[in-house]
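A.B. asks: Structure below; questions to follow.
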Amino acid sequence: MRRLRACLGAAAAVTLAAAGTTALVAGNASGASAALGNSWYAAAPYLMPLDNDPPDAAAIMDATGLKAFQLAFVLAPNGGGCSPTWGGTAAVSSDTAVQSVIGTIRAKGGDVSVSAGGYGGTKLGQVCADPAATAAAYQQVITKYGLHAIDFDLEEPEYENTAAIRNEIGAAKILQQNNPGLYVSVTTAGTADGTGWFGKQMLLEAKSQGFTPNNFSIMPFDGGFNGAASQTSALTGFNSILRSTFGWDEATAYAHEGFSGMNGRSDSGEYFTQADFRTVLDYATSHHMDRFTFWSLNRDRQCTPADNGGRTSGTCSSVAQNPWDFARYAVEFAGVTPPTPTPTPTPPPASCAGAWSPTAVYTAGNEVSYGKHDWKAKWWTQNEVPGASQWGPWQDEGAC
């Protein structure tokens with residue numbers, strides 16, 4: 001559920017590397033908007049544009065002020081090969097559907113990042129021959145969509161594969177060098193102490209290659225977490241891991257640290273409410289962390305009563321909420337105050353009918369006022385107080 005799928009040859013990748021900024025210029029020529037500030041890419045929530053009942057990105061932007069979306073996921077083809085696809089099935093080279101979503105977002109002044117990897121499917125790093133070939137495959141995505149940001153979501157089983165992680169980290173470094181200004185995030189599993197053995201090995205691989213992204217983000221859920229306190233504890237632990245791995249001081253480590261949460265009910269039955277997101281957001285901002293995001297906008301809406309609370313869904317949160325409640329925390333992290341919803345005006349109460357009298361006789365259909373409400377008689381009555389009994393002769397017609 002969390003991370004609910006081929007490749008130019010090495011010679012082509014070397015050509016791209018030698019081209020320097022050429023690839024990025026080509027991407028901009030193919031319809032990219034001007035880059036947003038990095039704070040927006042750092043706050044972009046995940047959105048599956050082709051699966052899990054995709055919500056209307058324009059409606060989310062209008063309701064919350066959100067400007068950036070993290071589109072998921074680019075993978076290797078299900079049938080094998082080293083070329084980028086959406087979800088393993090839709091080739092990026094022939095895509096028009098995601099391109100249309102991006103066009104809608106950019107027409108409203110927003111932008112997107114693209115996430116590679118996730119929990120399911122085959123990753124490009126697993127099948128491409130080397131870092132250069134892996135980078136060439138991802139460069140196709142950057143060029144096609146004119147991207148200013150990319151996310152490497154390195155999870156099971158890929159991050160247990162040493163060669164695959166070497167390819168992914170090496171590709172990220174090449175893309176960072178060949179696309180000046182490209183915002184690069186690396187997202188991996190979270191554990192109670194920060195990240196597990198494979199996450200630590202990934203960090204060591206990045207260190208050995210001399211690669212520093214904008215941030216390394218952990219996902220503190222699906223690992224025995226229980227609310228915000230367990231998540232902030234993991235973030236503190238991860239800060240220590242970054243410091244010991246890279247030799248950074250605490251502030252530098254936080255400036256390269258990110259949080260990627262799961263709104264509502266997680267795959268393992270944990271619950272993270274709006275109050276939990278508020279606590280983690282306050283932690284992230286007070287420690288000047290680089291990234292605050294979540295999985296996913298497809299889930300940022302309340303389930304129907306039949307679904308609510310009993311299972312994890314890809315299309316709703318399984319907690320009580322208004323639409324896009326969790327997106328508003330991302331907007332706040334980006335440093336922008338979300339628009340205030342326009343309240344629905346309350347209609348003025350109607351003028352009251354004549355006052356009820358204990359001595360008067362009333363028949364069906366007669367109307368009176370009592371206790372600032374209008375009441376209608378259901379049958380013949382005298383000296384029976386309106387509202388004294390739900391089974392009584394009076395029907396409440398509302399405030400007056």
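How things are named: the first chain in the structure tokens is A, the next is B, and so on; residues count from 1 in each chain; ligands count from 1 in the order shown.
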Counting only C-alpha atoms, what is within 8 Å of Tyr159 (chain A), bar same-chain residues fewer than 3 positions away, as a PyMOL selection string?
C.D. replies: chain A and resi 154-156+162+164-165+198-199+202
A.B. asks: Counting only C-alpha atoms, give me one row per residue of region 258-367 of chain A with an atom at most 10 Å from an atom of region 215-233 of chain A, showing the shortest contact pair and its distance in Å to one decimal, sorted by chain then residue number, as CSV.
C.D. replies:
residue,atom,partner,partner_atom,distance
A:Gly258,CA,A:Ser217,CA,3.9
A:Phe259,CA,A:Ser217,CA,5.2
A:Ser260,CA,A:Met219,CA,4.8
A:Gly261,CA,A:Met219,CA,5.6
A:Met262,CA,A:Phe221,CA,6.8
A:Asn263,CA,A:Phe221,CA,9.8
A:Arg265,CA,A:Phe221,CA,9.8
A:Ser266,CA,A:Asp222,CA,6.4
A:Asp267,CA,A:Asp222,CA,6.2
A:Ser268,CA,A:Asp222,CA,5.3
A:Gly269,CA,A:Asp222,CA,7.9
A:Glu270,CA,A:Asn226,CA,6.4
A:Tyr271,CA,A:Gly227,CA,6.8
A:Phe272,CA,A:Gly227,CA,5.7
A:Thr273,CA,A:Gly227,CA,7.9
A:Ala275,CA,A:Ala228,CA,8.2
A:Asp276,CA,A:Ala228,CA,4.7
A:Phe277,CA,A:Ala228,CA,7.1
A:Arg278,CA,A:Ala228,CA,8.6
A:Thr279,CA,A:Ala228,CA,6.2
A:Val280,CA,A:Ala228,CA,6.1
A:Leu281,CA,A:Thr232,CA,9.6
A:Asp282,CA,A:Thr232,CA,9.9
A:Tyr283,CA,A:Thr232,CA,7.0
A:Ala284,CA,A:Thr232,CA,8.6
A:Met289,CA,A:Asn215,CA,8.8
A:Asp290,CA,A:Asn215,CA,6.3
A:Arg291,CA,A:Asn215,CA,7.1
A:Phe292,CA,A:Ser217,CA,8.6
A:Thr293,CA,A:Ser217,CA,9.2
A:Phe294,CA,A:Met219,CA,8.6
A:Trp295,CA,A:Met219,CA,9.4
A.B. asks: Run DSSP on the backbone and tell me which residues of region 155-339 of chain A come out as strand (DSSP E or B); list them as a PDB file with N, CA and C atoms, in the first residue's frame.
C.D. replies:
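Output below, filename part36.pdb:
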ATOM      1  N   TYR A 183      16.248  19.361  -7.583  1.00  0.00           N
ATOM      2  CA  TYR A 183      16.021  19.008  -6.179  1.00  0.00           C
ATOM      3  C   TYR A 183      15.939  17.485  -6.093  1.00  0.00           C
ATOM      4  N   VAL A 184      16.787  16.879  -5.260  1.00  0.00           N
ATOM      5  CA  VAL A 184      16.853  15.425  -5.159  1.00  0.00           C
ATOM      6  C   VAL A 184      16.601  14.995  -3.718  1.00  0.00           C
ATOM      7  N   SER A 185      15.588  14.156  -3.537  1.00  0.00           N
ATOM      8  CA  SER A 185      15.334  13.568  -2.224  1.00  0.00           C
ATOM      9  C   SER A 185      15.522  12.063  -2.314  1.00  0.00           C
ATOM     10  N   VAL A 186      15.951  11.464  -1.204  1.00  0.00           N
ATOM     11  CA  VAL A 186      16.091  10.015  -1.096  1.00  0.00           C
ATOM     12  C   VAL A 186      15.254   9.575   0.094  1.00  0.00           C
ATOM     13  N   THR A 187      14.310   8.686  -0.149  1.00  0.00           N
ATOM     14  CA  THR A 187      13.358   8.264   0.877  1.00  0.00           C
ATOM     15  C   THR A 187      13.562   6.785   1.168  1.00  0.00           C
ATOM     16  N   THR A 188      13.593   6.421   2.463  1.00  0.00           N
ATOM     17  CA  THR A 188      13.793   5.019   2.815  1.00  0.00           C
ATOM     18  C   THR A 188      13.026   4.674   4.080  1.00  0.00           C
ATOM     19  N   ALA A 189      13.050   3.420   4.457  1.00  0.00           N
ATOM     20  CA  ALA A 189      12.247   2.935   5.581  1.00  0.00           C
ATOM     21  C   ALA A 189      12.718   3.535   6.902  1.00  0.00           C
ATOM     22  N   THR A 191      12.742   3.129  11.215  1.00  0.00           N
ATOM     23  CA  THR A 191      12.655   2.205  12.346  1.00  0.00           C
ATOM     24  C   THR A 191      12.664   3.027  13.626  1.00  0.00           C
ATOM     25  N   GLY A 194      15.625   5.114  13.905  1.00  0.00           N
ATOM     26  CA  GLY A 194      15.908   5.970  12.754  1.00  0.00           C
ATOM     27  C   GLY A 194      15.700   5.237  11.458  1.00  0.00           C
ATOM     28  N   ASN A 215      17.997  15.933   0.697  1.00  0.00           N
ATOM     29  CA  ASN A 215      17.652  15.313   1.977  1.00  0.00           C
ATOM     30  C   ASN A 215      17.612  13.800   1.855  1.00  0.00           C
ATOM     31  N   PHE A 216      17.822  13.160   3.008  1.00  0.00           N
ATOM     32  CA  PHE A 216      17.500  11.753   3.205  1.00  0.00           C
ATOM     33  C   PHE A 216      16.266  11.728   4.111  1.00  0.00           C
ATOM     34  N   SER A 217      15.194  11.117   3.648  1.00  0.00           N
ATOM     35  CA  SER A 217      13.948  11.083   4.416  1.00  0.00           C
ATOM     36  C   SER A 217      13.647   9.669   4.880  1.00  0.00           C
ATOM     37  N   ILE A 218      13.111   9.546   6.080  1.00  0.00           N
ATOM     38  CA  ILE A 218      12.654   8.242   6.557  1.00  0.00           C
ATOM     39  C   ILE A 218      11.128   8.224   6.632  1.00  0.00           C
ATOM     40  N   MET A 219      10.581   7.007   6.576  1.00  0.00           N
ATOM     41  CA  MET A 219       9.142   6.779   6.672  1.00  0.00           C
ATOM     42  C   MET A 219       8.854   6.078   8.003  1.00  0.00           C
ATOM     43  N   GLU A 257      17.654  16.323   6.482  1.00  0.00           N
ATOM     44  CA  GLU A 257      16.775  15.254   6.979  1.00  0.00           C
ATOM     45  C   GLU A 257      15.329  15.529   6.581  1.00  0.00           C
ATOM     46  N   GLY A 258      14.585  14.457   6.300  1.00  0.00           N
ATOM     47  CA  GLY A 258      13.189  14.607   5.930  1.00  0.00           C
ATOM     48  C   GLY A 258      12.297  13.569   6.584  1.00  0.00           C
ATOM     49  N   PHE A 259      11.013  13.884   6.605  1.00  0.00           N
ATOM     50  CA  PHE A 259       9.965  13.012   7.147  1.00  0.00           C
ATOM     51  C   PHE A 259       8.970  12.692   6.050  1.00  0.00           C
ATOM     52  N   SER A 260       8.633  11.425   5.909  1.00  0.00           N
ATOM     53  CA  SER A 260       7.582  11.001   4.985  1.00  0.00           C
ATOM     54  C   SER A 260       6.622  10.112   5.755  1.00  0.00           C
ATOM     55  N   GLY A 261       5.450  10.646   6.072  1.00  0.00           N
ATOM     56  CA  GLY A 261       4.501   9.934   6.913  1.00  0.00           C
ATOM     57  C   GLY A 261       3.419   9.227   6.110  1.00  0.00           C
ATOM     58  N   MET A 262       2.521   8.581   6.833  1.00  0.00           N
ATOM     59  CA  MET A 262       1.345   7.958   6.215  1.00  0.00           C
ATOM     60  C   MET A 262       0.132   8.460   6.977  1.00  0.00           C
ATOM     61  N   GLY A 264      -3.547   8.729   8.413  1.00  0.00           N
ATOM     62  CA  GLY A 264      -4.605   7.795   8.765  1.00  0.00           C
ATOM     63  C   GLY A 264      -4.063   6.441   9.179  1.00  0.00           C
ATOM     64  N   ARG A 265      -4.736   5.383   8.706  1.00  0.00           N
ATOM     65  CA  ARG A 265      -4.387   4.008   9.089  1.00  0.00           C
ATOM     66  C   ARG A 265      -3.291   3.473   8.180  1.00  0.00           C
ATOM     67  N   TYR A 271      -2.317   4.112  13.559  1.00  0.00           N
ATOM     68  CA  TYR A 271      -3.143   5.266  13.202  1.00  0.00           C
ATOM     69  C   TYR A 271      -2.364   6.551  13.447  1.00  0.00           C
ATOM     70  N   PHE A 272      -2.402   7.436  12.439  1.00  0.00           N
ATOM     71  CA  PHE A 272      -1.758   8.744  12.545  1.00  0.00           C
ATOM     72  C   PHE A 272      -2.794   9.794  12.166  1.00  0.00           C
ATOM     73  N   ARG A 291      12.490  18.426   4.786  1.00  0.00           N
ATOM     74  CA  ARG A 291      11.358  17.869   4.048  1.00  0.00           C
ATOM     75  C   ARG A 291      10.267  17.366   4.992  1.00  0.00           C
ATOM     76  N   PHE A 292       9.013  17.556   4.562  1.00  0.00           N
ATOM     77  CA  PHE A 292       7.847  17.042   5.290  1.00  0.00           C
ATOM     78  C   PHE A 292       6.811  16.651   4.244  1.00  0.00           C
ATOM     79  N   THR A 293       6.577  15.371   4.087  1.00  0.00           N
ATOM     80  CA  THR A 293       5.649  14.903   3.067  1.00  0.00           C
ATOM     81  C   THR A 293       4.855  13.718   3.614  1.00  0.00           C
ATOM     82  N   PHE A 294       3.953  13.164   2.806  1.00  0.00           N
ATOM     83  CA  PHE A 294       3.182  12.014   3.287  1.00  0.00           C
ATOM     84  C   PHE A 294       2.605  11.220   2.122  1.00  0.00           C
ATOM     85  N   TRP A 295       2.261   9.999   2.443  1.00  0.00           N
ATOM     86  CA  TRP A 295       1.614   9.055   1.536  1.00  0.00           C
ATOM     87  C   TRP A 295       0.183   8.828   2.027  1.00  0.00           C
TER      88      TRP A 295
END
A.B. asks: A:Asp193, A:Asp374, A:Asp130, A:Asp153: which is nearest Gly170 (chain A), counting only C-alpha atoms?
C.D. replies: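 Answer, going by the shortest atom-to-atom distance: A:Asp130.
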A.B. asks: A:Ala129, A:Ala57, A:Val74, A:Ile169: which is nearest Ile142 (chain A), counting only C-alpha atoms?
C.D. replies: A:Val74
A.B. asks: Give the helix (DSSP H, G or I) residues of region 18-247 of chain A, as DSSP finds them on the backbone, and put them as an NGL selection string.
C.D. replies: :A and (18-19 or 22-29 or 38-43 or 57-64 or 92-94 or 97-107 or 124-127 or 131-145 or 158-160 or 162-178 or 197-209 or 227-246)
A.B. asks: Quick one: distance from CA of Ala72 (chain A) to CA of Ser115 (chain A) in Å, one decimal?
C.D. replies: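 Here the two named atoms are 5.1 Å from each other.
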A.B. asks: In Å, rounded to a single decimal, give me how far CA of Gln176 (chain A) is from CA of Phe73 (chain A).
C.D. replies: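 According to the coordinates, CA of Phe73 (chain A) and CA of Gln176 (chain A) are separated by 19.3 Å.
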A.B. asks: Contacts of region 98-104 of chain A at 8 Å or less, counting only C-alpha atoms, minus same-chain residues fewer than 4 places along, as a ChimeraX atom specification?
C.D. replies: /A:49-50,57-58,108,111-112,145
A.B. asks: Keeping only C-alpha atoms, take the residues you just selected and write them out as a short mmCIF file (atom, residue, chain, number, x, y, z; two decimals), in the first residue's frame.
C.D. replies:
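So the final result, stored in selection-v1.cif, reads:
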data_model
loop_
_atom_site.label_atom_id
_atom_site.label_comp_id
_atom_site.auth_asym_id
_atom_site.auth_seq_id
_atom_site.Cartn_x
_atom_site.Cartn_y
_atom_site.Cartn_z
CA PRO A 49 -1.92 9.97 -11.01
CA LEU A 50 -3.07 6.73 -12.67
CA ALA A 57 -5.19 18.01 -8.37
CA ALA A 58 -6.71 21.36 -9.37
CA LYS A 108 -2.44 26.82 -12.07
CA ASP A 111 4.73 21.93 -10.37
CA VAL A 112 5.59 18.28 -9.76
CA TYR A 145 8.37 16.33 -18.20
#
A.B. asks: For Ala334 (chain A), please output as a ChimeraX atom specification all residues within 12 Å (counting only C-alpha atoms; exclusion window: fewer than 4 positions along the same chain).
C.D. replies: /A:36-45,65-68,281,284-285,288-293,327-330,338
